[in-house]
>>> print(open('input-v1.cif').read())   # mmCIF, C-alpha atoms
data_entry
loop_
_atom_site.label_atom_id
_atom_site.label_comp_id
_atom_site.auth_asym_id
_atom_site.auth_seq_id
_atom_site.Cartn_x
_atom_site.Cartn_y
_atom_site.Cartn_z
CA MET A 10 -17.04 -5.41 31.25
CA GLU A 11 -15.43 -2.21 29.93
CA THR A 12 -16.98 1.00 31.14
CA LEU A 13 -17.66 3.90 28.82
CA GLU A 14 -15.18 5.99 30.78
CA ARG A 15 -12.40 3.46 30.33
CA ILE A 16 -13.08 3.02 26.60
CA ILE A 17 -12.98 6.77 26.03
CA ALA A 18 -9.96 7.31 28.25
CA GLU A 19 -8.00 4.54 26.51
CA HIS A 20 -8.94 5.57 22.99
CA GLU A 21 -5.97 6.93 21.03
CA PHE A 22 -8.02 9.95 20.00
CA PHE A 23 -8.37 11.12 23.59
CA ALA A 24 -4.87 10.14 24.71
CA GLY A 25 -3.42 12.68 27.12
CA LEU A 26 -6.77 14.24 27.97
CA GLU A 27 -7.18 15.04 31.67
CA SER A 28 -9.54 12.72 33.52
CA TYR A 29 -11.80 15.66 34.35
CA TYR A 30 -12.41 16.22 30.63
CA THR A 31 -12.84 12.50 30.01
CA GLY A 32 -15.55 12.61 32.65
CA LEU A 33 -17.28 15.42 30.76
CA LEU A 34 -17.13 13.38 27.53
CA VAL A 35 -18.59 10.32 29.21
CA GLY A 36 -21.62 12.42 30.08
CA CYS A 37 -22.19 12.92 26.33
CA GLY A 38 -21.50 9.28 25.28
CA ALA A 39 -23.49 6.09 24.71
CA ASN A 40 -22.77 2.61 23.35
CA VAL A 41 -24.37 1.98 19.96
CA ARG A 42 -24.48 -0.85 17.42
CA PHE A 43 -25.29 -0.72 13.70
CA HIS A 44 -26.14 -3.60 11.40
CA PRO A 45 -24.71 -4.07 7.89
CA GLY A 46 -26.65 -2.32 5.18
CA THR A 47 -28.01 0.40 7.45
CA TYR A 48 -27.00 4.05 7.42
CA ILE A 49 -25.64 5.80 10.50
CA PHE A 50 -26.36 9.14 8.87
CA LYS A 51 -27.14 10.54 5.45
CA GLU A 52 -25.99 13.60 3.55
CA GLY A 53 -27.97 16.71 4.44
CA GLU A 54 -29.22 15.43 7.79
CA GLU A 55 -28.45 17.32 10.99
CA ALA A 56 -25.05 16.36 12.39
CA ASN A 57 -25.46 16.04 16.11
CA GLU A 58 -23.08 13.19 16.96
CA PHE A 59 -19.72 11.68 16.22
CA TYR A 60 -18.58 8.11 16.74
CA LEU A 61 -15.57 6.25 18.06
CA ILE A 62 -15.69 3.03 16.08
CA ARG A 63 -14.81 0.11 18.35
CA SER A 64 -15.19 -2.59 15.71
CA GLY A 65 -16.71 -3.00 12.28
CA LYS A 66 -16.53 -1.11 9.02
CA VAL A 67 -18.35 1.98 7.72
CA ALA A 68 -18.16 3.36 4.18
CA LEU A 69 -18.43 7.10 3.59
CA GLU A 70 -20.43 7.46 0.41
CA LEU A 71 -21.12 10.36 -1.86
CA PHE A 72 -24.33 10.34 -3.83
CA ALA A 73 -23.88 10.91 -7.57
CA PRO A 74 -26.98 11.43 -9.73
CA GLN A 75 -27.67 8.51 -12.10
CA HIS A 76 -24.82 6.54 -10.56
CA LYS A 77 -24.41 4.22 -7.67
CA PRO A 78 -23.01 6.01 -4.61
CA ILE A 79 -19.23 6.49 -4.64
CA VAL A 80 -17.30 5.20 -1.64
CA VAL A 81 -14.75 7.88 -0.81
CA GLU A 82 -13.30 6.26 2.29
CA THR A 83 -13.85 3.41 4.70
CA LEU A 84 -13.44 3.67 8.44
CA SER A 85 -12.80 0.82 10.80
CA ASP A 86 -11.64 -0.21 14.29
CA GLY A 87 -10.34 2.75 16.27
CA ASP A 88 -11.37 5.39 13.72
CA ILE A 89 -13.37 8.52 14.41
CA LEU A 90 -16.48 8.98 12.29
CA GLY A 91 -17.86 12.47 11.73
CA TRP A 92 -16.80 16.04 12.30
CA SER A 93 -19.73 17.91 10.75
CA TRP A 94 -21.21 18.26 14.26
CA LEU A 95 -18.30 20.55 15.10
CA LEU A 96 -18.71 23.27 12.48
CA PRO A 97 -21.75 25.16 11.15
CA PRO A 98 -24.10 24.43 9.47
CA TYR A 99 -23.90 21.12 11.39
CA LEU A 100 -25.10 19.02 8.46
CA TRP A 101 -23.61 15.71 7.26
CA LYS A 102 -21.73 15.94 3.96
CA PHE A 103 -21.71 12.17 3.23
CA HIS A 104 -23.71 9.02 3.81
CA ALA A 105 -22.24 6.69 6.44
CA HIS A 106 -23.12 3.20 5.20
CA VAL A 107 -22.50 0.27 7.53
CA VAL A 108 -20.54 -2.41 5.66
CA GLU A 109 -19.86 -4.75 8.59
CA ASP A 110 -21.56 -5.09 11.97
CA THR A 111 -20.32 -1.99 13.80
CA ARG A 112 -20.04 -1.22 17.50
CA ALA A 113 -19.22 2.32 18.48
CA ILE A 114 -19.40 4.97 21.14
CA ALA A 115 -21.73 7.75 20.00
CA LEU A 116 -20.85 11.14 21.46
CA ASP A 117 -23.53 13.77 21.55
CA GLY A 118 -22.10 16.65 19.52
CA LYS A 119 -24.66 19.19 20.68
CA CYS A 120 -23.90 18.39 24.30
CA LEU A 121 -20.14 18.51 23.63
CA ARG A 122 -20.41 21.78 21.69
CA ALA A 123 -22.14 23.35 24.67
CA LYS A 124 -19.44 22.06 27.03
CA CYS A 125 -16.71 23.36 24.72
CA GLU A 126 -18.34 26.80 24.63
CA GLN A 127 -18.43 26.85 28.43
CA ASN A 128 -14.91 25.51 28.85
CA HIS A 129 -12.51 26.72 26.17
CA ASP A 130 -9.67 24.53 27.44
CA LEU A 131 -11.81 21.51 26.65
CA GLY A 132 -12.77 23.11 23.32
CA TYR A 133 -9.11 23.56 22.42
CA GLU A 134 -8.29 19.95 23.30
CA VAL A 135 -11.18 18.68 21.19
CA LEU A 136 -10.36 20.97 18.24
CA LYS A 137 -6.67 19.98 18.32
CA ARG A 138 -7.62 16.33 18.02
CA PHE A 139 -10.11 16.87 15.22
CA ALA A 140 -7.64 19.11 13.38
CA GLN A 141 -5.17 16.20 13.33
CA ILE A 142 -7.76 13.89 11.82
CA MET A 143 -8.74 16.52 9.26
CA GLU A 144 -5.09 17.07 8.33
CA ARG A 145 -4.48 13.34 7.80
CA ARG A 146 -7.64 12.91 5.76
CA LEU A 147 -6.87 15.98 3.67
CA GLU A 148 -3.43 14.55 2.88
CA ALA A 149 -4.95 11.17 2.00
CA THR A 150 -7.57 12.85 -0.20
CA ARG A 151 -4.89 14.82 -2.04
CA MET A 152 -3.01 11.62 -2.73
CA GLN A 153 -6.22 9.99 -3.91
CA LEU A 154 -6.84 12.92 -6.27
CA LEU A 155 -3.33 12.62 -7.68
CA ASP A 156 -4.27 9.16 -8.93
CA VAL A 157 -0.64 8.15 -8.36
CA TYR A 158 -1.02 4.71 -9.93
CA ALA A 159 -1.83 6.34 -13.26
CA LEU A 160 1.19 8.71 -13.16
CA ARG A 161 4.25 7.73 -15.12
CA MET B 9 23.94 -16.30 -8.60
CA ALA B 10 23.36 -14.52 -11.91
CA THR B 11 22.94 -17.33 -14.39
CA ALA B 12 22.09 -15.69 -17.67
CA VAL B 13 25.02 -13.28 -17.59
CA THR B 14 27.51 -14.03 -20.33
CA THR B 15 30.90 -12.61 -21.10
CA ASP B 16 29.13 -10.01 -23.24
CA PRO B 17 26.65 -8.34 -20.89
CA MET B 18 24.71 -6.92 -23.84
CA LEU B 19 24.00 -10.33 -25.35
CA PRO B 20 20.55 -11.70 -24.49
CA HIS B 21 19.91 -15.37 -23.81
CA PRO B 22 17.13 -17.11 -25.67
CA TYR B 23 14.07 -17.90 -23.57
CA LEU B 24 10.68 -19.25 -24.57
CA VAL B 25 7.31 -18.04 -23.37
CA GLN B 26 5.89 -20.81 -21.22
CA SER B 27 2.65 -19.12 -20.21
CA VAL B 28 0.89 -15.76 -20.21
CA SER B 29 -1.82 -15.12 -17.64
CA LYS B 30 -4.00 -12.07 -17.30
CA GLU B 31 -3.85 -10.34 -13.92
CA THR B 32 -5.92 -7.23 -14.71
CA ALA B 33 -7.22 -5.50 -17.86
CA ASP B 34 -3.73 -4.25 -18.73
CA THR B 35 -1.37 -6.39 -16.66
CA PHE B 36 -0.11 -9.86 -17.46
CA THR B 37 2.23 -12.38 -15.87
CA LEU B 38 4.63 -14.20 -18.18
CA LYS B 39 6.67 -17.28 -17.40
CA LEU B 40 9.81 -17.65 -19.50
CA ALA B 41 11.90 -20.81 -19.60
CA PRO B 42 15.48 -20.90 -20.92
CA GLU B 43 15.77 -22.44 -24.37
CA GLU B 44 19.07 -24.00 -23.39
CA LYS B 45 18.31 -26.37 -20.53
CA SER B 46 21.75 -25.81 -18.97
CA ASN B 47 20.76 -22.24 -18.20
CA GLY B 48 19.21 -22.00 -14.76
CA SER B 49 17.09 -19.05 -13.75
CA SER B 50 18.29 -18.03 -10.30
CA PHE B 51 17.74 -14.51 -9.00
CA ARG B 52 17.52 -12.54 -5.80
CA PRO B 53 14.21 -10.89 -4.80
CA GLY B 54 14.13 -7.35 -6.18
CA GLN B 55 16.35 -8.00 -9.18
CA PHE B 56 15.25 -7.29 -12.73
CA SER B 57 15.97 -8.56 -16.23
CA MET B 58 16.21 -6.86 -19.59
CA LEU B 59 13.63 -8.53 -21.82
CA TRP B 60 14.15 -8.26 -25.55
CA VAL B 61 11.11 -8.50 -27.79
CA PHE B 62 12.74 -9.14 -31.13
CA GLY B 63 12.04 -6.45 -33.68
CA VAL B 64 10.43 -4.18 -31.10
CA GLY B 65 12.80 -3.33 -28.29
CA GLU B 66 14.23 -4.11 -24.90
CA LEU B 67 12.62 -3.46 -21.51
CA PRO B 68 13.70 -3.60 -17.88
CA ILE B 69 11.19 -5.77 -16.00
CA SER B 70 11.33 -6.83 -12.35
CA ILE B 71 11.23 -10.53 -11.62
CA SER B 72 8.00 -11.35 -9.80
CA GLY B 73 8.28 -15.11 -9.34
CA ASN B 74 9.40 -17.48 -6.62
CA PRO B 75 13.17 -17.46 -6.01
CA ALA B 76 12.98 -21.14 -5.06
CA GLU B 77 11.76 -21.97 -8.57
CA HIS B 78 14.73 -22.29 -10.93
CA LYS B 79 13.13 -23.68 -14.08
CA HIS B 80 11.69 -20.43 -15.29
CA LEU B 81 11.59 -16.70 -14.66
CA THR B 82 8.32 -14.89 -13.95
CA TYR B 83 7.53 -11.30 -14.86
CA THR B 84 4.43 -9.23 -14.29
CA VAL B 85 4.12 -6.59 -16.98
CA ARG B 86 1.71 -3.69 -17.36
CA SER B 87 0.98 -2.92 -20.97
CA VAL B 88 1.50 0.81 -21.33
CA GLY B 89 3.31 1.22 -24.63
CA GLN B 90 4.46 -0.46 -27.82
CA ALA B 91 7.18 -2.64 -26.30
CA THR B 92 5.23 -3.75 -23.21
CA ASN B 93 2.20 -4.44 -25.39
CA ALA B 94 4.35 -6.55 -27.70
CA LEU B 95 5.68 -8.45 -24.70
CA VAL B 96 2.32 -9.29 -23.13
CA THR B 97 0.85 -10.39 -26.46
CA GLN B 98 3.59 -12.95 -27.11
CA ARG B 99 2.23 -16.41 -27.76
CA VAL B 100 3.25 -19.47 -25.78
CA GLY B 101 6.42 -20.84 -27.36
CA ALA B 102 7.55 -17.49 -28.75
CA GLY B 103 11.16 -16.47 -28.22
CA VAL B 104 12.19 -13.62 -25.93
CA GLY B 105 15.73 -12.46 -25.22
CA VAL B 106 16.70 -12.22 -21.57
CA ARG B 107 19.66 -10.38 -20.07
CA GLY B 108 20.33 -10.45 -16.36
CA PRO B 109 19.26 -10.75 -13.64
CA TYR B 110 20.59 -7.35 -12.62
CA GLY B 111 20.49 -5.09 -9.61
CA THR B 112 20.99 -5.26 -5.90
CA GLY B 113 17.72 -6.76 -4.67
CA TRP B 114 15.87 -6.42 -1.38
CA PRO B 115 17.78 -6.83 1.90
CA VAL B 116 16.29 -10.26 2.62
CA ASP B 117 19.32 -11.51 4.56
CA ALA B 118 19.37 -8.40 6.74
CA ALA B 119 15.68 -8.99 7.48
CA ARG B 120 16.22 -12.49 8.90
CA GLY B 121 15.14 -12.66 12.52
CA ARG B 122 13.10 -9.47 12.16
CA ASP B 123 9.57 -8.51 11.19
CA VAL B 124 9.12 -7.69 7.52
CA ILE B 125 6.82 -4.89 6.41
CA ILE B 126 5.95 -4.88 2.72
CA VAL B 127 4.26 -1.76 1.36
CA ALA B 128 3.27 -1.89 -2.29
CA GLY B 129 1.29 0.33 -4.61
CA GLY B 130 -0.16 -0.80 -7.93
CA ILE B 131 2.23 -2.93 -9.93
CA GLY B 132 4.82 -2.31 -7.21
CA LEU B 133 3.66 -5.55 -5.63
CA ALA B 134 5.33 -7.49 -8.46
CA PRO B 135 8.98 -6.88 -7.42
CA LEU B 136 8.02 -7.48 -3.79
CA ARG B 137 6.27 -10.80 -4.37
CA PRO B 138 9.58 -12.74 -4.38
CA VAL B 139 10.28 -11.39 -0.87
CA ILE B 140 6.89 -12.64 0.31
CA TYR B 141 7.62 -16.07 -1.19
CA GLU B 142 11.02 -16.08 0.47
CA VAL B 143 9.62 -15.17 3.91
CA LEU B 144 6.81 -17.73 3.68
CA HIS B 145 9.19 -20.41 2.37
CA HIS B 146 11.60 -19.86 5.26
CA ARG B 147 8.97 -18.88 7.80
CA GLU B 148 11.01 -19.71 10.88
CA ASP B 149 13.82 -17.38 9.78
CA PHE B 150 11.63 -14.27 9.97
CA GLY B 151 9.30 -12.55 12.43
CA ARG B 152 5.88 -11.24 11.49
CA LEU B 153 5.07 -10.47 7.88
CA VAL B 154 2.88 -7.42 7.28
CA VAL B 155 1.77 -6.70 3.71
CA LEU B 156 0.08 -3.37 2.98
CA TYR B 157 -1.11 -3.10 -0.60
CA GLY B 158 -2.90 -0.28 -2.37
CA ALA B 159 -4.26 -0.12 -5.90
CA ARG B 160 -6.34 2.25 -7.95
CA SER B 161 -9.49 0.11 -7.92
CA PRO B 162 -10.52 -3.49 -7.15
CA HIS B 163 -10.03 -4.27 -10.86
CA ASP B 164 -6.38 -3.22 -10.60
CA LEU B 165 -5.42 -5.52 -7.74
CA LEU B 166 -2.71 -8.01 -8.62
CA TYR B 167 -2.52 -11.60 -7.33
CA ARG B 168 -5.92 -11.49 -5.61
CA GLN B 169 -6.01 -15.19 -4.83
CA GLU B 170 -2.49 -15.13 -3.46
CA LEU B 171 -3.26 -12.12 -1.28
CA ALA B 172 -6.09 -14.10 0.29
CA ALA B 173 -3.85 -17.16 0.70
CA TRP B 174 -1.04 -15.11 2.29
CA ALA B 175 -3.50 -13.60 4.75
CA ARG B 176 -4.26 -17.10 6.04
CA GLN B 177 -0.61 -17.82 6.85
CA ARG B 178 0.54 -17.71 10.45
CA GLU B 179 2.15 -14.53 11.73
CA THR B 180 1.04 -12.74 8.59
CA GLN B 181 -1.19 -9.71 8.21
CA VAL B 182 -2.33 -8.64 4.75
CA LEU B 183 -4.23 -5.37 4.37
CA VAL B 184 -5.51 -4.23 1.01
CA THR B 185 -6.99 -0.91 0.00
CA VAL B 186 -8.17 0.79 -3.18
CA ASP B 187 -8.48 4.46 -4.06
CA TYR B 188 -11.87 3.98 -5.74
CA GLY B 189 -14.04 1.17 -4.45
CA GLY B 190 -17.29 0.99 -6.34
CA MET B 191 -20.33 -0.53 -4.69
CA SER B 192 -19.41 -4.21 -4.89
CA TRP B 193 -16.10 -3.74 -3.06
CA ARG B 194 -16.45 -4.50 0.63
CA GLY B 195 -12.82 -3.91 1.52
CA HIS B 196 -10.96 -0.80 2.54
CA VAL B 197 -11.13 2.45 0.53
CA GLY B 198 -8.37 5.04 0.90
CA VAL B 199 -4.72 5.49 -0.03
CA VAL B 200 -2.19 2.94 1.16
CA THR B 201 -0.93 5.17 3.98
CA THR B 202 -4.35 4.92 5.65
CA LEU B 203 -3.67 1.22 6.29
CA PHE B 204 -0.93 1.88 8.82
CA LYS B 205 -3.39 2.53 11.63
CA TYR B 206 -4.70 -1.04 11.26
CA ALA B 207 -1.29 -2.71 10.91
CA ARG B 208 0.15 -4.52 13.89
CA LEU B 209 3.70 -3.20 13.76
CA LYS B 210 6.68 -3.58 16.03
CA PRO B 211 8.80 -0.81 14.52
CA ALA B 212 11.98 -1.44 16.50
CA GLN B 213 12.30 -4.99 15.15
CA SER B 214 11.08 -4.37 11.61
CA VAL B 215 12.54 -3.90 8.16
CA ALA B 216 10.29 -2.19 5.60
CA MET B 217 10.43 -2.72 1.84
CA VAL B 218 8.46 -0.29 -0.30
CA CYS B 219 7.67 -0.24 -4.00
CA GLY B 220 5.21 1.86 -5.94
CA PRO B 221 4.89 5.30 -7.52
CA GLU B 222 7.54 7.66 -6.15
CA ILE B 223 5.00 10.00 -4.57
CA MET B 224 3.50 7.07 -2.74
CA MET B 225 6.91 5.87 -1.55
CA ARG B 226 7.77 9.32 -0.23
CA PHE B 227 4.61 9.44 1.89
CA VAL B 228 4.94 5.81 2.96
CA ALA B 229 8.54 6.32 4.10
CA ARG B 230 7.47 9.30 6.21
CA GLU B 231 4.62 7.26 7.67
CA LEU B 232 6.93 4.37 8.55
CA ILE B 233 9.33 6.71 10.29
CA SER B 234 6.51 8.45 12.14
CA HIS B 235 5.52 5.00 13.42
CA GLY B 236 9.01 4.56 14.86
CA LEU B 237 10.94 2.70 12.18
CA SER B 238 14.55 3.70 11.84
CA ARG B 239 15.36 5.42 8.52
CA ASN B 240 18.07 2.79 8.08
CA ASP B 241 15.44 0.04 8.05
CA VAL B 242 13.39 1.45 5.19
CA TYR B 243 14.20 0.38 1.61
CA LEU B 244 12.73 1.64 -1.65
CA SER B 245 12.79 0.26 -5.18
CA MET B 246 13.42 3.03 -7.67
CA GLU B 247 12.55 3.17 -11.34
CA ARG B 248 14.25 5.11 -14.12
CA ASN B 249 14.70 4.57 -17.83
CA MET B 250 17.25 1.75 -18.00
CA LYS B 251 19.01 0.80 -21.22
CA CYS B 252 22.23 -1.13 -20.71
CA ALA B 253 21.45 -2.35 -17.15
CA VAL B 254 25.15 -2.59 -16.27
CA GLY B 255 26.09 1.04 -15.60
CA PHE B 256 27.66 1.82 -19.00
CA CYS B 257 25.17 4.14 -20.64
CA GLY B 258 24.06 6.45 -17.81
CA HIS B 259 20.41 6.56 -18.89
CA CYS B 260 19.24 5.64 -15.42
CA GLN B 261 21.52 7.98 -13.51
CA TYR B 262 19.77 9.39 -10.45
CA GLY B 263 21.97 11.88 -8.64
CA PRO B 264 25.23 10.04 -8.00
CA HIS B 265 23.61 6.61 -8.47
CA PHE B 266 22.94 4.32 -11.40
CA ILE B 267 19.57 2.73 -10.70
CA CYS B 268 20.46 -0.38 -12.73
CA LYS B 269 23.78 -1.14 -11.05
CA ASP B 270 23.56 0.47 -7.60
CA GLY B 271 19.83 -0.28 -7.22
CA PRO B 272 17.02 -0.60 -8.04
CA VAL B 273 16.66 -1.18 -4.28
CA PHE B 274 18.16 1.57 -2.13
CA PRO B 275 18.08 2.43 1.55
CA TYR B 276 15.75 5.36 2.18
CA THR B 277 18.66 7.24 3.75
CA GLN B 278 20.33 7.35 0.32
CA MET B 279 17.21 8.28 -1.60
CA ARG B 280 15.68 10.84 0.74
CA PRO B 281 17.67 13.90 -0.40
CA LEU B 282 17.01 13.01 -4.04
CA LEU B 283 13.31 12.26 -3.63
CA GLU B 284 12.76 15.79 -2.43
CA LYS B 285 14.57 17.45 -5.36
CA TYR B 286 12.35 18.92 -8.06
CA GLU B 287 12.48 17.41 -11.55
CA LEU B 288 15.22 14.90 -10.76
#
>>> encode(input="input-v1.cif", output="structure tokens")
Amino acid sequence: METLERIIAEHEFFAGLESYYTGLLVGCGANVRFHPGTYIFKEGEEANEFYLIRSGKVALELFAPQHKPIVVETLSDGDILGWSWLLPPYLWKFHAHVVEDTRAIALDGKCLRAKCEQNHDLGYEVLKRFAQIMERRLEATRMQLLDVYALR
Amino acid sequence: MATAVTTDPMLPHPYLVQSVSKETADTFTLKLAPEEKSNGSSFRPGQFSMLWVFGVGELPISISGNPAEHKHLTYTVRSVGQATNALVTQRVGAGVGVRGPYGTGWPVDAARGRDVIIVAGGIGLAPLRPVIYEVLHHREDFGRLVVLYGARSPHDLLYRQELAAWARQRETQVLVTVDYGGMSWRGHVGVVTTLFKYARLKPAQSVAMVCGPEIMMRFVARELISHGLSRNDVYLSMERNMKCAVGFCGHCQYGPHFICKDGPVFPYTQMRPLLEKYEL
């Protein structure tokens, strides 16, 4: 059976992180499972966690009045779900709707924020990794906005 | 190999519309059979034909059918203007002029013994479909086949049944994404580059073939290289306004290249400096 420590240490997102820091993260982590049709979080709720998705599929949805929710992105095996825990006002900006049975590691954002405040080296390592995800998703969103398949 | 080429390269051969099938709201697949039975319909994956709709005009259209099928030529056409609309509304039995096939085609022979990565956006899957047929038809000649396909929405996906069938083939991974999913879509949502993290790639032994909007191809090429593919193993299919298709008229000139004659498939190494030039 895989331990939480091993899963976190071997996850691409935490690659290169010193084992001491991995140990700190493990103290904030827990195995979780979500069933299809449920919501991991909803827009406007307090953002106190983030998730390493081990398997499954989650749709990030945006609520539009008088319309069905709009799926802006799906996340799947190996992806990181959620960064609103990292920056004030610590509120979710989207719904996270479970599309397929999802297993994940939930990391307590409040706990991690406190550890990052105490240990800025850890804070820098965490921020660097989230900045990379944000950069990739910003690029993908820009491409999505370009609607490239409609351009001629 | 080129069967419909005559001594006069500007003279079209008579073909008849055998079938027209609707792929999406604006995209149709036409099968054309030569009127003269002696004319075969051989082509290499990635080549295109000039299709003449009599009284309307002539269009360059990639061949999207199976290279092993010689009785007809297959084209997938998106109706975006007068000529393409006239083409997709042809009735079965109507006559269409065909010149070609033209162009270089995908490096299928160079890909033998290696993994093949297909990355397509929108109607860009059409010129790549012959490669997929070729790989699946000669399965033992190739390594893994990875197909990454992105479209605007689920309604814009081409060849949906075939995508599902390809995904069931051995040593084949098919990943599909859409930019806008809607609530009934249970697949992936995001641009095609977001699929790379789920693809099982062996970059050192892979050849990548990419077709789609130029912006997409630029980002995809960078993504492939960031995953470890050599620039020399990435190929793109380019599109420009082609008229003569044989390098006479210069309409499709792109830097020092004629897309019709030197392409439409080019190594990324040749295209990279041009792709990054404004307004070219």
>>> interface_residues(input="input-v1.cif", of="chain B", to="chain A", cutoff="9 Å", atoms="all atoms listed in the file", output="ChimeraX atom specification")
/B:129-131,159-160,187-191,194-202,205-206,220-224
>>> residues_near_point(input="input-v1.cif", point="(-21.8, -0.5, 17.3)", cutoff="9 Å", atoms="all atoms listed in the file", output="number ranges by chain")
A: 40-44, 62-65, 110-115
>>> residues_around(input="input-v1.cif", residues="stretch 52-55 of chain B", least_positions_apart="4", cutoff="9 Å", atoms="all atoms listed in the file", output="MDAnalysis selection string")
chainID B and resid 9:10 69:75 108:116 135:139 142 245 271:273
>>> closest_residue(input="input-v1.cif", among="B:Tyr83, B:Thr92, B:Lys210, B:Tyr157", to="B:Val124", atoms="only C-alpha atoms")
B:Lys210
>>> atom_distance(input="input-v1.cif", atom1="atom CA of A:Tyr60", atom2="atom CA of A:Leu90")
5.0 Å
>>> residues_around(input="input-v1.cif", residues="stretch 22-25 of chain A", least_positions_apart="2", cutoff="12 Å", atoms="only C-alpha atoms", output="JSON, numbers by chain")
{"A": [14, 15, 16, 17, 18, 19, 20, 27, 28, 29, 30, 31, 32, 34, 35, 60, 61, 62, 87, 88, 89, 90, 131, 134, 135, 136, 137, 138, 139, 140, 141, 142]}
>>> residues_around(input="input-v1.cif", residues="B:Leu24", least_positions_apart="4", cutoff="8 Å", atoms="only C-alpha atoms", output="PyMOL selection string")
chain B and resi 40-43+100-104
>>> resolve_selection(input="input-v1.cif", expression="the PyMOL selection byres ((chain B and resi 264) around 12)", output="JSON, numbers by chain")
{"B": [255, 258, 260, 261, 262, 263, 265, 266, 267, 269, 270, 271, 278, 279, 281, 282, 288]}
>>> closest_residue(input="input-v1.cif", among="A:Leu116, A:Ala73, A:Leu147, A:Val107", to="A:Thr47", atoms="all atoms listed in the file")
A:Val107
>>> residues_around(input="input-v1.cif", residues="B:Arg178", least_positions_apart="5", cutoff="10 Å", atoms="only C-alpha atoms", output="list of chain:residue names")
B:Leu144, B:Arg147, B:Arg152, B:Leu153
>>> residues_around(input="input-v1.cif", residues="A:Trp92", least_positions_apart="2", cutoff="9 Å", atoms="only C-alpha atoms", output="JSON, numbers by chain")
{"A": [56, 58, 59, 89, 90, 94, 95, 96, 99, 101, 118, 139, 143]}
>>> atom_distance(input="input-v1.cif", atom1="atom CA of B:Trp60", atom2="atom CA of B:Lys79")
19.2 Å
>>> resolve_selection(input="input-v1.cif", expression="the PyMOL selection byres ((chain B and resi 231) around 12)", output="VMD selection string")
(chain A and resid 145 148 to 149) or (chain B and resid 127 200 to 205 211 216 218 224 to 230 232 to 239 242)
>>> write_last_selection(input="input-v1.cif", atoms="C-alpha atoms", output="PDB file, in the coordinates of the input")
ATOM      1  CA  ARG A 145      -4.480  13.340   7.800  1.00  0.00           C
ATOM      2  CA  GLU A 148      -3.430  14.550   2.880  1.00  0.00           C
ATOM      3  CA  ALA A 149      -4.950  11.170   2.000  1.00  0.00           C
TER       4      ALA A 149
ATOM      5  CA  VAL B 127       4.260  -1.760   1.360  1.00  0.00           C
ATOM      6  CA  VAL B 200      -2.190   2.940   1.160  1.00  0.00           C
ATOM      7  CA  THR B 201      -0.930   5.170   3.980  1.00  0.00           C
ATOM      8  CA  THR B 202      -4.350   4.920   5.650  1.00  0.00           C
ATOM      9  CA  LEU B 203      -3.670   1.220   6.290  1.00  0.00           C
ATOM     10  CA  PHE B 204      -0.930   1.880   8.820  1.00  0.00           C
ATOM     11  CA  LYS B 205      -3.390   2.530  11.630  1.00  0.00           C
ATOM     12  CA  PRO B 211       8.800  -0.810  14.520  1.00  0.00           C
ATOM     13  CA  ALA B 216      10.290  -2.190   5.600  1.00  0.00           C
ATOM     14  CA  VAL B 218       8.460  -0.290  -0.300  1.00  0.00           C
ATOM     15  CA  MET B 224       3.500   7.070  -2.740  1.00  0.00           C
ATOM     16  CA  MET B 225       6.910   5.870  -1.550  1.00  0.00           C
ATOM     17  CA  ARG B 226       7.770   9.320  -0.230  1.00  0.00           C
ATOM     18  CA  PHE B 227       4.610   9.440   1.890  1.00  0.00           C
ATOM     19  CA  VAL B 228       4.940   5.810   2.960  1.00  0.00           C
ATOM     20  CA  ALA B 229       8.540   6.320   4.100  1.00  0.00           C
ATOM     21  CA  ARG B 230       7.470   9.300   6.210  1.00  0.00           C
ATOM     22  CA  LEU B 232       6.930   4.370   8.550  1.00  0.00           C
ATOM     23  CA  ILE B 233       9.330   6.710  10.290  1.00  0.00           C
ATOM     24  CA  SER B 234       6.510   8.450  12.140  1.00  0.00           C
ATOM     25  CA  HIS B 235       5.520   5.000  13.420  1.00  0.00           C
ATOM     26  CA  GLY B 236       9.010   4.560  14.860  1.00  0.00           C
ATOM     27  CA  LEU B 237      10.940   2.700  12.180  1.00  0.00           C
ATOM     28  CA  SER B 238      14.550   3.700  11.840  1.00  0.00           C
ATOM     29  CA  ARG B 239      15.360   5.420   8.520  1.00  0.00           C
ATOM     30  CA  VAL B 242      13.390   1.450   5.190  1.00  0.00           C
TER      31      VAL B 242
END
>>> atom_distance(input="input-v1.cif", atom1="atom CA of B:Ala33", atom2="atom CA of B:Leu67")
20.3 Å
>>> residues_near_point(input="input-v1.cif", point="(23.6, -11.5, -27.2)", cutoff="12 Å", atoms="only C-alpha atoms", output="list in words")
Ala12, Val13, Thr14, Thr15, Asp16, Pro17, Met18, Leu19, Pro20, His21, Pro22, Met58, Leu59, Trp60, Phe62, Val104, Gly105, Val106, Arg107 and Gly108 of chain B
